[in-house]
>>> print(open('entry.cif').read())   # mmCIF, C-alpha atoms and all ligand atoms
data_query
#
loop_
_atom_site.label_atom_id
_atom_site.label_comp_id
_atom_site.auth_asym_id
_atom_site.auth_seq_id
_atom_site.Cartn_x
_atom_site.Cartn_y
_atom_site.Cartn_z
CA MET I 66 -27.36 0.25 25.32
CA SER I 67 -28.74 -1.05 22.06
CA SER I 68 -26.56 -0.45 19.04
CA PRO I 69 -27.86 0.79 15.69
CA ARG I 70 -29.13 -2.16 13.65
CA VAL I 71 -27.82 -3.32 10.31
CA SER I 72 -30.60 -3.64 7.77
CA ASP I 73 -30.62 -5.86 4.70
CA GLN I 74 -32.39 -3.24 2.64
CA THR I 75 -30.56 -0.56 0.74
CA ARG I 76 -31.56 2.68 2.32
CA HIS I 77 -31.31 6.18 0.93
CA ASP I 78 -32.85 7.94 3.90
CA TYR I 79 -30.11 7.73 6.51
CA CYS I 80 -29.89 10.93 8.49
CA ALA I 81 -26.53 12.32 9.56
CA ASP I 82 -27.29 11.48 13.21
CA GLY I 83 -27.92 7.84 12.40
CA ILE I 84 -24.72 7.60 10.41
CA ALA I 85 -22.81 9.43 13.13
CA SER I 86 -23.91 6.89 15.73
CA LEU I 87 -22.75 4.02 13.54
CA TYR I 88 -19.47 5.79 12.86
CA ALA I 89 -18.89 6.36 16.59
CA LEU I 90 -19.65 2.79 17.73
CA PRO I 91 -16.95 1.05 19.73
CA PHE I 92 -14.38 0.04 17.10
CA THR I 93 -14.99 -3.68 17.70
CA SER I 94 -18.77 -3.36 17.21
CA LEU I 95 -18.38 -1.14 14.14
CA LEU I 96 -16.03 -3.60 12.49
CA ARG I 97 -18.25 -6.54 13.40
CA GLN I 98 -21.25 -4.93 11.72
CA ALA I 99 -19.19 -3.95 8.71
CA GLN I 100 -17.88 -7.50 8.40
CA GLU I 101 -21.37 -8.97 8.65
CA VAL I 102 -22.51 -6.79 5.77
CA HIS I 103 -19.35 -7.45 3.78
CA HIS I 104 -19.66 -11.23 4.13
CA ARG I 105 -23.40 -11.21 3.43
CA HIS I 106 -23.18 -9.28 0.18
CA HIS I 107 -19.70 -9.89 -1.22
CA ALA I 108 -17.12 -12.60 -1.76
CA ALA I 109 -15.13 -11.21 1.14
CA ALA I 110 -11.80 -12.77 0.14
CA GLN I 111 -11.81 -11.00 -3.22
CA VAL I 112 -10.23 -7.65 -3.92
CA GLN I 113 -10.67 -5.92 -7.26
CA LEU I 114 -7.45 -4.52 -8.71
CA CYS I 115 -7.87 -1.33 -10.71
CA SER I 116 -5.26 0.50 -12.66
CA LEU I 117 -5.12 4.25 -13.17
CA LEU I 118 -3.72 6.25 -16.03
CA SER I 119 -3.52 10.01 -16.27
CA ILE I 120 -4.41 10.58 -19.92
CA LYS I 121 -4.17 14.39 -19.67
CA THR I 122 -2.05 15.82 -16.92
CA GLY I 123 -1.89 19.19 -15.17
CA GLY I 124 -2.86 22.72 -16.12
CA CYS I 125 -6.38 22.30 -14.74
CA ARG I 126 -8.57 25.42 -14.36
CA GLU I 127 -10.17 24.20 -11.14
CA ASP I 128 -8.71 25.13 -7.77
CA CYS I 129 -9.23 21.90 -5.79
CA GLY I 130 -7.02 22.48 -2.75
CA TYR I 131 -5.70 18.93 -2.61
CA CYS I 132 -4.77 18.57 -6.25
CA PRO I 133 -1.28 18.84 -7.74
CA GLN I 134 -2.83 19.22 -11.21
CA SER I 135 -4.50 22.56 -10.54
CA ALA I 136 -3.01 25.52 -12.42
CA HIS I 137 -3.84 27.61 -9.33
CA HIS I 138 -1.11 25.87 -7.31
CA ASN I 139 2.63 25.36 -7.61
CA ALA I 140 3.17 21.63 -7.47
CA ASP I 141 6.22 20.31 -9.25
CA LEU I 142 4.45 18.60 -12.10
CA GLN I 143 5.07 18.11 -15.81
CA ALA I 144 1.89 18.96 -17.74
CA GLU I 145 1.05 16.57 -20.60
CA PRO I 146 -1.58 16.96 -23.32
CA LEU I 147 -4.01 14.15 -24.08
CA LEU I 148 -2.10 10.89 -24.68
CA ASN I 149 -2.43 9.17 -28.01
CA LEU I 150 -4.45 6.01 -28.43
CA ASP I 151 -1.43 3.72 -28.65
CA THR I 152 0.04 4.89 -25.38
CA ILE I 153 -3.31 4.38 -23.67
CA THR I 154 -3.90 0.88 -25.02
CA THR I 155 -0.33 -0.17 -24.22
CA ALA I 156 -0.85 0.88 -20.60
CA ALA I 157 -4.21 -0.89 -20.49
CA ARG I 158 -2.75 -4.12 -21.88
CA ARG I 159 0.01 -4.04 -19.28
CA ALA I 160 -2.50 -3.39 -16.49
CA LYS I 161 -4.54 -6.40 -17.62
CA GLN I 162 -1.42 -8.60 -17.67
CA ARG I 163 -0.71 -7.57 -14.11
CA GLY I 164 -4.18 -8.63 -12.98
CA ALA I 165 -6.27 -5.47 -13.18
CA THR I 166 -9.89 -5.93 -14.21
CA ARG I 167 -10.73 -2.25 -14.32
CA PHE I 168 -8.87 0.55 -16.05
CA CYS I 169 -9.54 4.12 -15.05
CA MET I 170 -8.48 7.01 -17.26
CA GLY I 171 -8.25 10.40 -15.58
CA ALA I 172 -7.96 13.83 -17.15
CA ALA I 173 -7.19 17.17 -15.53
CA TRP I 174 -10.13 19.05 -16.94
CA ARG I 175 -12.95 21.09 -15.49
CA SER I 176 -14.93 19.27 -18.18
CA PRO I 177 -13.89 17.61 -21.43
CA PRO I 178 -14.00 19.68 -24.65
CA THR I 179 -17.58 19.47 -25.82
CA ARG I 180 -17.22 17.87 -29.22
CA GLY I 181 -14.49 17.58 -31.84
CA LYS I 182 -11.23 15.67 -32.14
CA VAL I 183 -10.32 15.50 -28.47
CA PHE I 184 -13.68 14.10 -27.49
CA ALA I 185 -13.52 11.68 -30.42
CA ARG I 186 -10.20 10.36 -29.10
CA LEU I 187 -11.74 9.77 -25.69
CA LEU I 188 -14.48 7.71 -27.32
CA GLU I 189 -11.91 5.71 -29.27
CA ALA I 190 -9.88 5.12 -26.11
CA ALA I 191 -12.95 3.85 -24.28
CA ALA I 192 -13.81 1.43 -27.07
CA ALA I 193 -10.22 0.19 -27.36
CA VAL I 194 -9.85 -0.46 -23.63
CA LYS I 195 -13.21 -2.21 -23.53
CA ALA I 196 -12.11 -4.43 -26.40
CA LEU I 197 -9.21 -5.63 -24.22
CA GLY I 198 -11.76 -7.05 -21.79
CA LEU I 199 -11.34 -4.45 -19.07
CA GLN I 200 -14.04 -2.53 -17.25
CA VAL I 201 -13.64 0.99 -18.54
CA CYS I 202 -13.77 3.83 -16.06
CA MET I 203 -13.23 7.47 -16.89
CA THR I 204 -12.91 10.61 -14.81
CA LEU I 205 -12.82 13.71 -16.96
CA GLY I 206 -14.57 16.36 -14.87
CA MET I 207 -18.11 17.65 -15.39
CA LEU I 208 -20.20 16.14 -18.17
CA ASP I 209 -23.33 17.33 -19.89
CA ALA I 210 -26.09 14.88 -20.76
CA GLU I 211 -24.96 14.38 -24.35
CA GLN I 212 -21.33 13.75 -23.43
CA ALA I 213 -22.46 11.18 -20.90
CA ARG I 214 -24.59 9.41 -23.53
CA GLN I 215 -21.69 9.32 -25.99
CA LEU I 216 -19.26 7.93 -23.43
CA LYS I 217 -21.76 5.24 -22.48
CA ARG I 218 -22.25 4.33 -26.14
CA ALA I 219 -18.48 4.09 -26.62
CA GLY I 220 -18.23 1.50 -23.83
CA VAL I 221 -17.54 3.44 -20.63
CA TYR I 222 -18.77 1.26 -17.77
CA ALA I 223 -18.17 3.60 -14.84
CA TYR I 224 -17.73 7.33 -14.45
CA ASN I 225 -15.77 8.63 -11.46
CA HIS I 226 -16.85 11.96 -10.09
CA ASN I 227 -16.32 12.51 -6.38
CA LEU I 228 -18.26 14.65 -3.92
CA ASP I 229 -14.95 14.85 -2.02
CA THR I 230 -16.28 16.07 1.36
CA SER I 231 -19.36 17.44 3.14
CA PRO I 232 -21.38 20.27 1.58
CA ARG I 233 -20.29 22.40 4.57
CA TYR I 234 -16.53 21.85 4.22
CA TYR I 235 -16.51 21.78 0.41
CA PRO I 236 -16.15 25.57 -0.15
CA GLN I 237 -13.01 25.54 2.05
CA VAL I 238 -11.44 23.15 -0.47
CA ILE I 239 -12.86 24.09 -3.89
CA THR I 240 -14.29 27.39 -5.05
CA THR I 241 -14.43 27.03 -8.83
CA ARG I 242 -17.33 24.58 -8.94
CA THR I 243 -20.13 23.79 -6.59
CA TYR I 244 -21.49 20.70 -4.90
CA ALA I 245 -24.62 21.17 -7.02
CA ASP I 246 -22.49 21.08 -10.20
CA ARG I 247 -21.12 17.74 -9.10
CA LEU I 248 -24.56 16.34 -8.36
CA ALA I 249 -25.73 17.47 -11.81
CA THR I 250 -22.90 15.53 -13.48
CA LEU I 251 -23.78 12.45 -11.42
CA ARG I 252 -27.39 12.74 -12.66
CA HIS I 253 -26.21 12.85 -16.29
CA VAL I 254 -24.00 9.83 -15.71
CA ARG I 255 -26.88 7.87 -14.21
CA ALA I 256 -29.34 8.94 -16.89
CA ALA I 257 -26.92 7.77 -19.58
CA GLY I 258 -26.78 4.32 -17.97
CA MET I 259 -23.17 4.32 -16.77
CA THR I 260 -22.41 3.12 -13.27
CA ILE I 261 -21.30 5.73 -10.75
CA CYS I 262 -17.99 5.80 -8.95
CA CYS I 263 -18.30 8.48 -6.29
CA GLY I 264 -16.55 8.98 -3.00
CA GLY I 265 -14.28 11.44 -1.33
CA ILE I 266 -11.11 12.32 0.50
CA VAL I 267 -10.39 12.14 4.22
CA GLY I 268 -7.56 13.89 6.01
CA MET I 269 -8.11 17.37 4.51
CA GLY I 270 -8.51 18.99 7.94
CA GLU I 271 -12.24 18.27 8.03
CA GLU I 272 -14.13 17.26 11.18
CA ARG I 273 -15.57 13.83 11.80
CA SER I 274 -19.01 15.36 11.17
CA ASP I 275 -17.86 16.28 7.64
CA ARG I 276 -16.89 12.68 6.94
CA VAL I 277 -20.30 11.62 8.26
CA GLU I 278 -22.06 14.15 6.04
CA LEU I 279 -20.12 13.02 3.00
CA LEU I 280 -21.31 9.48 3.74
CA GLN I 281 -24.85 10.77 4.18
CA GLN I 282 -24.72 12.47 0.77
CA LEU I 283 -23.37 9.33 -0.89
CA SER I 284 -25.99 7.07 0.68
CA SER I 285 -28.76 9.44 -0.38
CA LEU I 286 -27.92 8.85 -4.04
CA ASN I 287 -30.51 6.47 -5.45
CA PRO I 288 -29.27 3.96 -6.57
CA HIS I 289 -26.14 4.03 -4.43
CA PRO I 290 -22.90 4.56 -6.32
CA GLU I 291 -21.76 1.11 -7.40
CA SER I 292 -18.25 2.16 -6.48
CA VAL I 293 -17.18 4.32 -3.52
CA PRO I 294 -13.54 5.39 -3.51
CA ILE I 295 -12.26 6.51 -0.13
CA ASN I 296 -9.06 8.47 -0.63
CA LEU I 297 -6.66 9.43 2.14
CA LEU I 298 -5.25 12.82 1.20
CA VAL I 299 -1.87 12.61 -0.49
CA ARG I 300 -0.21 15.81 0.70
CA VAL I 301 1.61 17.34 -2.23
CA GLN I 302 4.12 20.19 -1.89
CA GLY I 303 2.85 23.36 -3.54
CA THR I 304 -0.84 22.62 -2.90
CA PRO I 305 -2.84 24.48 -0.23
CA LEU I 306 -3.31 21.22 1.68
CA ALA I 307 0.39 20.29 1.66
CA SER I 308 0.59 20.66 5.42
CA ALA I 309 -2.82 19.37 6.44
CA LYS I 310 -2.48 17.66 9.79
CA ASP I 311 -2.25 13.91 10.13
CA LEU I 312 -5.54 12.06 10.30
CA ASP I 313 -5.84 9.34 12.92
CA VAL I 314 -5.78 6.21 10.77
CA PHE I 315 -8.74 4.74 12.69
CA GLU I 316 -10.85 7.55 11.27
CA LEU I 317 -10.09 6.24 7.79
CA VAL I 318 -11.04 2.74 8.92
CA ARG I 319 -14.26 4.02 10.50
CA THR I 320 -15.13 5.87 7.28
CA ILE I 321 -14.68 2.67 5.27
CA ALA I 322 -16.62 0.56 7.77
CA THR I 323 -19.52 2.99 7.86
CA ALA I 324 -19.59 3.21 4.05
CA ARG I 325 -19.68 -0.60 3.94
CA ILE I 326 -22.65 -0.75 6.32
CA ILE I 327 -24.79 1.96 4.76
CA MET I 328 -23.98 1.06 1.12
CA PRO I 329 -23.94 -2.73 1.45
CA TYR I 330 -23.73 -3.63 -2.23
CA SER I 331 -21.21 -1.01 -3.30
CA ARG I 332 -17.58 -1.76 -3.93
CA VAL I 333 -15.65 0.32 -1.41
CA ARG I 334 -12.23 1.23 -2.72
CA LEU I 335 -9.24 1.92 -0.53
CA SER I 336 -7.90 4.47 -2.98
CA ALA I 337 -5.23 7.16 -2.73
CA GLY I 338 -2.89 7.40 0.23
CA ARG I 339 -1.85 3.77 0.72
CA THR I 340 1.87 4.62 0.76
CA GLN I 341 1.14 6.33 4.09
CA LEU I 342 -0.45 3.21 5.56
CA SER I 343 1.25 0.26 7.23
CA ASP I 344 0.35 -3.26 6.14
CA GLU I 345 -1.62 -3.58 9.38
CA ALA I 346 -3.60 -0.41 8.69
CA GLN I 347 -4.45 -1.67 5.19
CA ALA I 348 -5.51 -5.00 6.68
CA LEU I 349 -7.88 -3.11 8.99
CA CYS I 350 -9.34 -1.36 5.93
CA PHE I 351 -10.01 -4.76 4.33
CA LEU I 352 -11.56 -5.97 7.60
CA ALA I 353 -13.75 -2.88 7.52
CA GLY I 354 -15.05 -3.90 4.10
CA ALA I 355 -12.80 -2.32 1.52
CA ASN I 356 -12.72 -4.65 -1.47
CA SER I 357 -10.67 -2.86 -4.09
CA ILE I 358 -7.32 -1.12 -4.44
CA PHE I 359 -5.47 0.72 -7.16
CA MET I 360 -2.45 -1.21 -8.28
CA GLY I 361 0.62 0.12 -10.04
CA GLU I 362 3.41 2.33 -8.83
CA LYS I 363 1.57 5.51 -9.76
CA LEU I 364 -1.94 6.78 -9.10
CA LEU I 365 -2.51 9.70 -11.47
CA THR I 366 0.51 11.80 -10.56
CA THR I 367 1.52 10.57 -7.10
CA ALA I 368 3.14 7.39 -5.80
CA ASN I 369 1.35 4.15 -4.97
CA PRO I 370 2.85 0.99 -3.41
CA ASP I 371 4.89 -1.41 -5.57
CA VAL I 372 2.88 -4.13 -7.25
CA ASP I 373 5.07 -6.83 -5.67
CA ALA I 374 4.47 -5.46 -2.20
CA ASP I 375 0.72 -5.37 -2.83
CA MET I 376 0.64 -8.93 -4.14
CA GLN I 377 2.58 -10.10 -1.09
CA LEU I 378 0.22 -8.28 1.23
CA LEU I 379 -2.84 -9.88 -0.37
CA GLN I 380 -1.17 -13.27 -0.22
CA ARG I 381 -0.22 -12.89 3.44
CA LEU I 382 -3.84 -12.03 4.17
CA GLY I 383 -5.19 -14.90 2.06
CA LEU I 384 -7.05 -12.46 -0.19
CA GLN I 385 -7.32 -12.96 -3.93
CA PRO I 386 -7.41 -10.52 -6.80
CA LEU I 387 -10.87 -10.61 -8.39
CA ALA I 388 -10.64 -12.71 -11.53
CA SER I 389 -11.25 -11.22 -14.92
CA THR I 390 -14.64 -12.07 -16.39
CA SER I 391 -13.37 -11.82 -19.95
N1 LIG Q 1 -10.41 16.36 -13.07
C1 LIG Q 1 -11.38 15.37 -12.81
C2 LIG Q 1 -12.20 15.69 -11.60
O1 LIG Q 1 -11.75 16.37 -10.70
O2 LIG Q 1 -13.33 15.18 -11.53
C3 LIG Q 1 -10.84 13.97 -12.71
C4 LIG Q 1 -9.52 13.70 -12.02
S1 LIG Q 1 -9.41 14.11 -10.28
C5 LIG Q 1 -7.69 13.99 -10.01
C6 LIG Q 1 -10.16 12.71 -9.47
C7 LIG Q 1 -10.22 12.69 -7.97
O3 LIG Q 1 -8.93 12.41 -7.43
C8 LIG Q 1 -10.61 13.95 -7.25
O4 LIG Q 1 -12.00 14.14 -7.24
C9 LIG Q 1 -10.10 13.70 -5.85
O5 LIG Q 1 -11.11 13.10 -5.06
C10 LIG Q 1 -8.95 12.74 -6.07
N2 LIG Q 1 -7.66 13.37 -5.70
C11 LIG Q 1 -7.01 14.32 -6.39
N3 LIG Q 1 -5.87 14.70 -5.75
C12 LIG Q 1 -5.82 13.96 -4.62
C13 LIG Q 1 -4.90 13.90 -3.54
N4 LIG Q 1 -3.83 14.70 -3.48
N5 LIG Q 1 -5.13 13.02 -2.55
C14 LIG Q 1 -6.24 12.22 -2.58
N6 LIG Q 1 -7.13 12.25 -3.57
C15 LIG Q 1 -6.95 13.11 -4.57
C1 LIG Q 2 -10.37 8.54 -6.95
O1 LIG Q 2 -11.28 8.74 -6.13
N1 LIG Q 2 -9.09 8.35 -6.64
C2 LIG Q 2 -8.29 8.21 -7.85
C3 LIG Q 2 -9.36 8.12 -8.93
N2 LIG Q 2 -10.55 8.48 -8.25
C4 LIG Q 2 -9.21 8.86 -10.18
C5 LIG Q 2 -7.35 9.35 -8.02
C6 LIG Q 2 -6.43 9.59 -6.90
C7 LIG Q 2 -5.49 10.67 -7.30
C8 LIG Q 2 -4.46 10.92 -6.27
C9 LIG Q 2 -3.58 12.06 -6.59
C10 LIG Q 2 -2.74 11.87 -7.82
O2 LIG Q 2 -2.10 10.81 -8.00
O3 LIG Q 2 -2.66 12.82 -8.61
FE1 LIG Q 3 -8.64 19.61 -11.85
FE2 LIG Q 3 -9.69 17.29 -11.08
FE3 LIG Q 3 -7.44 18.24 -9.93
FE4 LIG Q 3 -9.73 19.45 -9.43
S1 LIG Q 3 -9.20 17.32 -8.91
S2 LIG Q 3 -7.80 20.47 -9.96
S3 LIG Q 3 -10.79 19.23 -11.40
S4 LIG Q 3 -7.69 17.62 -12.03
#
>>> encode(input="entry.cif", output="structure tokens")
Amino acid sequence: MSSPRVSDQTRHDYCADGIASLYALPFTSLLRQAQEVHHRHHAAAQVQLCSLLSIKTGGCREDCGYCPQSAHHNADLQAEPLLNLDTITTAARRAKQRGATRFCMGAAWRSPPTRGKVFARLLEAAAAVKALGLQVCMTLGMLDAEQARQLKRAGVYAYNHNLDTSPRYYPQVITTRTYADRLATLRHVRAAGMTICCGGIVGMGEERSDRVELLQQLSSLNPHPESVPINLLVRVQGTPLASAKDLDVFELVRTIATARIIMPYSRVRLSAGRTQLSDEAQALCFLAGANSIFMGEKLLTTANPDVDADMQLLQRLGLQPLASTS
């Protein structure tokens, strides 16, 4: 039986069947192809460390079934209004000292307030974090074209806006905004000249075919998202997905490997959910082509591994944090 071929070209026309046959390859063949692509297009010993900060927490109008920050659910969470500039820059400075090269600010909004003081503070925060020599990433919900242009002008390098899952499964998880809304925001981000960080979540009770269709949607974006976060659901008490059933960890690895093959130049981020993974499972994710993690004991509102443990893991694997370019 001939196996699907790896191509050197970036392709945006993968069909779901083609992606499904890659995804379902024998594990050894899938990982070999993923590693070939990873080594061809990346410095495969380097892992980018990113740091996250929730700059506005909780009370969100959206009903995303996985999210502790939604006002529709009952997670045990302290809501916080937008942080002041000092608090943000202090956190960014600390992240840089600890080896992060990218700083991602997240806000629990459907979309940021259109203009005015709050938006002005976001622009200031972007400029201040950029001035520290960090790649600035923001994730603030839906943007219109003008907001995207202003964020770009202020120094935002990447905008994170996830598709989360397949178009088919999406309405089971989120009802307050559509897949099309998300694609519209991604278009504004691209048109404004920011890079795109777009991925999804696995382990929400979806089928393998949903993970494949998410990957198909991501690979159809042209250009590909420069950054593809693959999150393993963090099950939070009080959210509708609190008791989603365990995902076989090899499905996470297959998702990463397939993303690596079909989006060869993108940085694939092993994102939320690492506290649920053994060192060996994380190593498999790196073998599959993941080349970034979030570092710091907190993601936005949930736990992440200790920095010391992460540094030890990288060292044991002979992997290096990506060096700062500034
Ligand atoms: N409110 C903005 C939005 O939704 O675009 C930005 C912040 S939101 C928390 C960013 C992303 O975090 C979501 O799109 C989702 O993919 C991910 N996320 C949220 N809760 C999660 C959870 N419990 N487990 C895994 N990923 C999660
Ligand atoms: C992404 O895809 N994962 C990060 C980042 N983008 C903003 C967020 C993960 C959040 C996990 C749940 C929490 O800590 O609240
Ligand atoms: Fe709000 Fe974002 Fe959470 Fe959805 S994922 S509820 S939009 S903070």
>>> residues_near_ligand(input="entry.cif", ligand="ligand LIG 1 (chain Q)", cutoff="9 Å", atoms="all atoms listed in the file", output="ChimeraX atom specification")
/I:119,125,127,129-135,170-176,203-207,225-230,247,263-269,294-301,304,306-307,336-338,365-367
>>> closest_residue(input="entry.cif", among="I:Ala245, I:Leu286, I:Cys202, I:Val221", to="ligand LIG 2 (chain Q)", atoms="all atoms listed in the file")
I:Cys202
>>> closest_residue(input="entry.cif", among="I:Ala157, I:Leu96, I:Val333, I:Met360", to="Lys195 (chain I)", atoms="all atoms listed in the file")
I:Ala157
>>> closest_residue(input="entry.cif", among="I:Leu384, I:Ser284, I:Ala110, I:Thr340", to="Lys363 (chain I)", atoms="all atoms listed in the file")
I:Thr340
>>> atom_distance(input="entry.cif", atom1="atom C7 of ligand LIG 2 (chain Q)", atom2="CA of Lys121 (chain I)")
13.0 Å
>>> atom_distance(input="entry.cif", atom1="CA of Leu188 (chain I)", atom2="CA of Asp128 (chain I)")
26.8 Å
>>> residues_around(input="entry.cif", residues="Ser231 (chain I)", least_positions_apart="2", cutoff="12 Å", atoms="only C-alpha atoms", output="PyMOL selection string")
chain I and resi 81+227-229+233-239+243-244+264-267+269-283
>>> closest_residue(input="entry.cif", among="I:Ala192, I:Ala257, I:Met376, I:Ala144", to="Ile120 (chain I)", atoms="only C-alpha atoms")
I:Ala144
>>> closest_residue(input="entry.cif", among="I:Ala136, I:Ile261, I:Val112, I:Ala249", to="ligand LIG 3 (chain Q)", atoms="only C-alpha atoms and all ligand atoms")
I:Ala136
>>> closest_residue(input="entry.cif", among="I:Gln162, I:Thr260, I:Gln212, I:Thr240", to="ligand LIG 3 (chain Q)", atoms="only C-alpha atoms and all ligand atoms")
I:Thr240
>>> atom_distance(input="entry.cif", atom1="CA of Asp371 (chain I)", atom2="CA of Gln100 (chain I)")
27.4 Å
>>> residues_around(input="entry.cif", residues="Gln215 (chain I)", least_positions_apart="5", cutoff="12 Å", atoms="only C-alpha atoms", output="VMD selection string")
chain I and resid 179 to 180 184 to 189 191 to 192 208 to 210 220 to 222 253 to 254 256 to 259
>>> residues_around(input="entry.cif", residues="Ala348 (chain I)", least_positions_apart="5", cutoff="12 Å", atoms="only C-alpha atoms", output="list in words")
Ala110, Val112, Val314, Phe315, Val318, Leu335, Arg339, Leu342, Ser343, Ala353, Gly354, Ala355, Asn356, Ile358, Asp375, Leu378, Leu379, Gln380, Arg381, Leu382, Gly383 and Leu384 of chain I
>>> residues_around(input="entry.cif", residues="Arg319 (chain I)", least_positions_apart="3", cutoff="12 Å", atoms="only C-alpha atoms", output="ChimeraX atom specification")
/I:84-99,267,273,276-277,280,295,312-316,322-326,346,349-355
>>> axis_aligned_box(input="entry.cif", around="region 372-381 of chain I", padding_each_side="8 Å", output="JSON")
{"center_x": 1.1, "center_y": -8.7, "center_z": -1.9, "size_x": 23.9, "size_y": 25.1, "size_z": 26.7}
>>> decode(input="entry.cif", residues="region 102-108 of chain I", atoms="all heavy atoms", output="CSV table (one decimal), in the first residue's frame")
chain,number,residue,atom,x,y,z
I,102,VAL,N,9.2,16.6,7.8
I,102,VAL,CA,8.7,18.0,7.5
I,102,VAL,C,9.3,18.9,8.6
I,102,VAL,O,9.8,20.0,8.3
I,102,VAL,CB,7.2,18.0,7.5
I,102,VAL,CG1,6.7,19.5,7.4
I,102,VAL,CG2,6.6,17.2,6.4
I,103,HIS,N,9.2,18.5,9.8
I,103,HIS,CA,9.7,19.3,10.9
I,103,HIS,C,11.2,19.6,10.7
I,103,HIS,O,11.6,20.8,10.8
I,103,HIS,CB,9.5,18.6,12.3
I,103,HIS,CG,9.7,19.4,13.5
I,103,HIS,ND1,9.8,18.8,14.7
I,103,HIS,CD2,9.9,20.7,13.7
I,103,HIS,CE1,10.0,19.8,15.6
I,103,HIS,NE2,10.0,20.9,15.0
I,104,HIS,N,12.0,18.6,10.4
I,104,HIS,CA,13.5,18.8,10.3
I,104,HIS,C,13.8,19.6,9.0
I,104,HIS,O,14.7,20.4,9.0
I,104,HIS,CB,14.2,17.5,10.3
I,104,HIS,CG,14.4,16.9,11.7
I,104,HIS,ND1,15.5,17.0,12.4
I,104,HIS,CD2,13.5,16.3,12.5
I,104,HIS,CE1,15.4,16.5,13.6
I,104,HIS,NE2,14.1,16.0,13.6
I,105,ARG,N,13.0,19.4,8.0
I,105,ARG,CA,13.2,20.1,6.7
I,105,ARG,C,13.0,21.6,6.9
I,105,ARG,O,13.7,22.5,6.3
I,105,ARG,CB,12.3,19.6,5.6
I,105,ARG,CG,12.8,20.0,4.2
I,105,ARG,CD,11.9,19.4,3.1
I,105,ARG,NE,11.8,17.9,3.3
I,105,ARG,CZ,10.7,17.3,3.0
I,105,ARG,NH1,9.6,17.9,2.6
I,105,ARG,NH2,10.6,16.0,3.2
I,106,HIS,N,12.0,22.0,7.6
I,106,HIS,CA,11.6,23.4,7.6
I,106,HIS,C,11.8,24.2,8.9
I,106,HIS,O,11.6,25.4,9.0
I,106,HIS,CB,10.1,23.5,7.3
I,106,HIS,CG,9.7,23.0,5.9
I,106,HIS,ND1,10.3,23.5,4.8
I,106,HIS,CD2,9.0,22.0,5.5
I,106,HIS,CE1,9.8,22.8,3.7
I,106,HIS,NE2,9.0,21.9,4.2
I,107,HIS,N,12.3,23.5,9.9
I,107,HIS,CA,12.5,24.2,11.2
I,107,HIS,C,13.8,23.7,11.9
I,107,HIS,O,14.3,22.6,11.6
I,107,HIS,CB,11.3,23.8,12.2
I,107,HIS,CG,10.0,24.2,11.7
I,107,HIS,ND1,9.4,25.5,12.1
I,107,HIS,CD2,9.1,23.7,10.8
I,107,HIS,CE1,8.2,25.6,11.5
I,107,HIS,NE2,8.0,24.5,10.7
I,108,ALA,N,14.3,24.5,12.8
I,108,ALA,CA,15.4,24.1,13.7
I,108,ALA,C,14.7,23.2,14.7
I,108,ALA,O,14.1,23.7,15.7
I,108,ALA,CB,16.1,25.3,14.3
